[in-house]
Structure formats: structure tokens, C-alpha cells
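Right, one structure below, let's go through it.
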Amino acid sequence: RIVAARELRKLAMLQLFKNEAITRVARKQIEIRALELNWYTANYDTMAVQAAMFAGFAFEQISEPVPEGTGPLTEAAYVGLTCVALGFELCVCMSCTFCCIFGKGLALRGPHGAKSVHVAVDNLQAEQKLVFTQFVVGIVAYLISHILEMWIYFRPKIAMTVSIPLLTFVGLILYYIWHILDVLVMDESRAVNGTIAAWAPYERIEDLDEAVYKPIESMQTLYRSGK
């Protein structure tokens with residue numbers, strides 16, 4: 001009996017060591033994916049702050065009445081571009097806020113463990129391109145609306161004098177955006193992510209508390225209630 005008890009203890013110790021090794025492997029993968037999660041949320045935070053600033057500028061601009069005698073096409077283009085800038089920047093603010101709140105929430109409290117982290121990171125990656133496009137379109141619309149504003153509030157000679165450098169800067173901004181994207185942004189099919197396919201079988205491990213204790217607690221509750 002003593003020998004059998006010792007063998008059982010050894011088996012129990014081996015099981016604990018194996019479980020600890022699996023848990024350590026799973027935690028290492030989560031630490032890698034956490035780097036991606038923090039990077040994406042930092043990007044969203046940056047875009048949200050800048051978009052809120054431009055949205056404030058656009059709201060202040062659209063709240064100013066257009067002078068009487070302004071051409072209907074010029075007025076419509078000016079107001080339309082300002083609305084586009086305001087709308088897109090507000091969309092960016094809301095999208096970034098929701099992605100940061102619910103993306104991190106899914107990664108931290110998701111019911112499927114590591115799979116929930118993968119879903120959160122992958123969706124943050126998928127949404128980033130759309131949010132960035134909205135951010136850039138809003139800024140460009142805001143800059144062009146400023147050029148039209150010069151023609152509404154100033155004489156043609158002054159408006160022309162101001163419009164030339166403004167158009168030059170808008171062109172330079174667009175060029176540098178394209179250049180930076182061309183140099184630094186890689187194709188998604190070639191990008192490396194933190195998912196390790198060899199560790200995928202260990203992602204199916206359930207929460208021990210949910211799998212073991214909660215069913216027992218539920219059975220005890222049913223027993224006490226007499227059902």
C-alpha cells in the first residue's frame with residue numbers, strides 16, 4: 001500500500017508539472033500577442049486624439065455663418081467638405097473608442113482563452129485600415145475646405161495669394177502620406193503576427209473553474225432547490 005501511495009503521488013506530481021509546462025507555453029504566446037494588442041490600441045489612441053482635435057476645428061468652422069452673396073456652388077462645396085471632415089473624424093473617434101474598450105475587454109475576459117485574444121487582435125488589425133482611411137479623408141476634406149474658405153471671406157487677389165501655398169502644402173501632405181505608406185507599410189500577407197500554429201492544440205484547454213467547479217456548484221444548487 002505504501003508503495004502504491006508513493007507511485008500515485010509521483011503520478012500526481014508529474015501531472016502537475018505537465019500542466020504547469022502547458023500553462024507556461026500558453027502564457028508565452030499570450031505575452032507575444034499582448035505586444036500586438038498594445039500596439040494596435042496605441043495606434044487607435046493616437047488617431048482618436050488627433051481626430052478629436054480636427055473634429056473640434058471642423059465644428060467651429062461649420063458653426064460660423066457663410067456671408068451673404070456667396071455663390072451657391074462655393075457655399076455648398078465649403079459646407080459639404082466641412083461636414084465630411086466633421087463626420088469622418090467623429091467616426092474615427094467613436095471607432096477608436098469602441099475598439100480600445102471592447103477589443104481589450106474581449107482579449108482579457110473572453111470565454112475561450114487564447115482564442116479570444118486571437119479574435120481581438122485580428123479584428124483590431126482588420127479595422128485599422130478602414131479607420132485610418134477615414135482619418136486621412138477627414139483631414140484632406142478639412143484642408144480643402146479651408147482653401148474654399150479663403151475665397152468666401154477674402155477678395156479674389158488675397159484668396160489666390162493664400163490658396164497657392166495652401167494647395168502646395170496639401171499636395172506635400174498627400175505626397176508624404178503616400179511615401180510613408182509605401183516605405184513603412186507592408187502587405188498583410190507578408191506581415192508576421194504573434195500566432196504560433198504549433199501551440200494551437202493547447203488553446204482548447206478550458207477554464208478549470210468553469211469546467212470543474214461551476215458544474216458541481218450548479219448541481220448542488222439544484223439539489224438544494226429540490227429540482
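Residues are named by chain letter and number: chains run A, B, ... in the order of the C-alpha cells, numbers start at 1 in each chain, and ligands are numbered from 1 in the order shown.
Near Glu149 in chain A, within 10 Å and counting only C-alpha atoms, sit Gln61, Val66, Thr74, Glu75, Ala77, Tyr78, Val79, Leu143, Ile144, Ser145, His146, Ile152, Tyr153, Phe154, Ala159 and Ser163 of chain A; same-chain residues fewer than 3 positions away were not included.
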- request: Enumerate as an MDAnalysis selection string all residues of range 59-111 of chain A assigned to helix (DSSP H, G or I) by DSSP on the backbone, naming them with the chain letters and numbers the document uses.
  value: chainID A and resid 59:62 72:109
Got time to write the residues from that selection, C-alpha atoms, as a CSV table (one decimal), in the first residue's frame?
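Okay, this is what ended up in out27.csv:
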chain,number,residue,atom,x,y,z
A,59,PHE,CA,-17.3,72.0,-35.8
A,60,GLU,CA,-16.1,75.6,-35.0
A,61,GLN,CA,-15.8,76.2,-38.8
A,62,ILE,CA,-19.2,74.9,-39.7
A,72,PRO,CA,-24.3,78.6,-54.2
A,73,LEU,CA,-21.8,76.2,-55.6
A,74,THR,CA,-18.9,77.6,-53.5
A,75,GLU,CA,-21.1,77.6,-50.4
A,76,ALA,CA,-22.3,74.0,-51.0
A,77,ALA,CA,-18.8,72.8,-51.6
A,78,TYR,CA,-17.5,74.6,-48.5
A,79,VAL,CA,-20.2,73.4,-46.2
A,80,GLY,CA,-20.2,69.9,-47.7
A,81,LEU,CA,-16.4,69.4,-47.2
A,82,THR,CA,-16.6,70.7,-43.7
A,83,CYS,CA,-19.4,68.2,-42.9
A,84,VAL,CA,-17.4,65.4,-44.4
A,85,ALA,CA,-14.4,66.4,-42.3
A,86,LEU,CA,-16.5,66.5,-39.1
A,87,GLY,CA,-18.3,63.3,-39.9
A,88,PHE,CA,-15.3,61.2,-40.7
A,89,GLU,CA,-13.3,62.5,-37.7
A,90,LEU,CA,-16.2,61.7,-35.4
A,91,CYS,CA,-16.4,58.3,-36.9
A,92,VAL,CA,-12.7,57.8,-36.2
A,93,CYS,CA,-13.2,58.9,-32.6
A,94,MET,CA,-16.1,56.5,-32.0
A,95,SER,CA,-14.4,53.6,-33.8
A,96,CYS,CA,-11.2,54.0,-31.9
A,97,THR,CA,-13.0,54.3,-28.6
A,98,PHE,CA,-15.1,51.1,-29.2
A,99,CYS,CA,-12.1,49.2,-30.5
A,100,CYS,CA,-9.9,50.0,-27.5
A,101,ILE,CA,-12.7,49.3,-24.9
A,102,PHE,CA,-14.2,46.2,-26.4
A,103,GLY,CA,-11.1,44.8,-28.0
A,104,LYS,CA,-9.1,44.8,-24.8
A,105,GLY,CA,-12.2,43.6,-23.0
A,106,LEU,CA,-12.5,40.6,-25.3
A,107,ALA,CA,-8.8,39.7,-25.0
A,108,LEU,CA,-8.9,40.0,-21.2
A,109,ARG,CA,-12.2,38.4,-20.4
List as a Markdown table every residue of range 59-151 of chain A that is in contact with range 16-31 of chain A, defined as an atom at most 9 Å from one of its atoms (using only C-alpha atoms), together with the nearest atom pair and the distance in Å rounded to one decimal, sorted by chain and then rising number.
| residue | atom | partner | partner_atom | distance |
| --- | --- | --- | --- | --- |
| A:Ala114 | CA | A:Ile30 | CA | 6.8 |
| A:Val117 | CA | A:Ile30 | CA | 7.5 |
| A:His118 | CA | A:Ile30 | CA | 8.9 |
query: Using only C-alpha atoms, which residue out of A:Ile139, A:Ala126, A:Leu37, A:Val121 lies closest to Gln50 in chain A?
result: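 For Gln50 in chain A, the nearest of the given residues is A:Ile139.
Compared by their closest atoms to Val192 in chain A, and using only C-alpha atoms, the residues A:Leu174, A:Leu167, A:Ala52, A:Ile32 rank with A:Ile32 nearest.
Interatomic distance, CA of His179 in chain A against CA of Val136 in chain A: 14.1 Å.
Each of A:Met47, A:Tyr175, A:Ala200, A:Asn193 was compared to Gln125 in chain A using only C-alpha atoms, and A:Asn193 turns out to be the nearest.
From CA of Ala141 in chain A back to CA of Phe57 in chain A, the distance works out to 12.2 Å.
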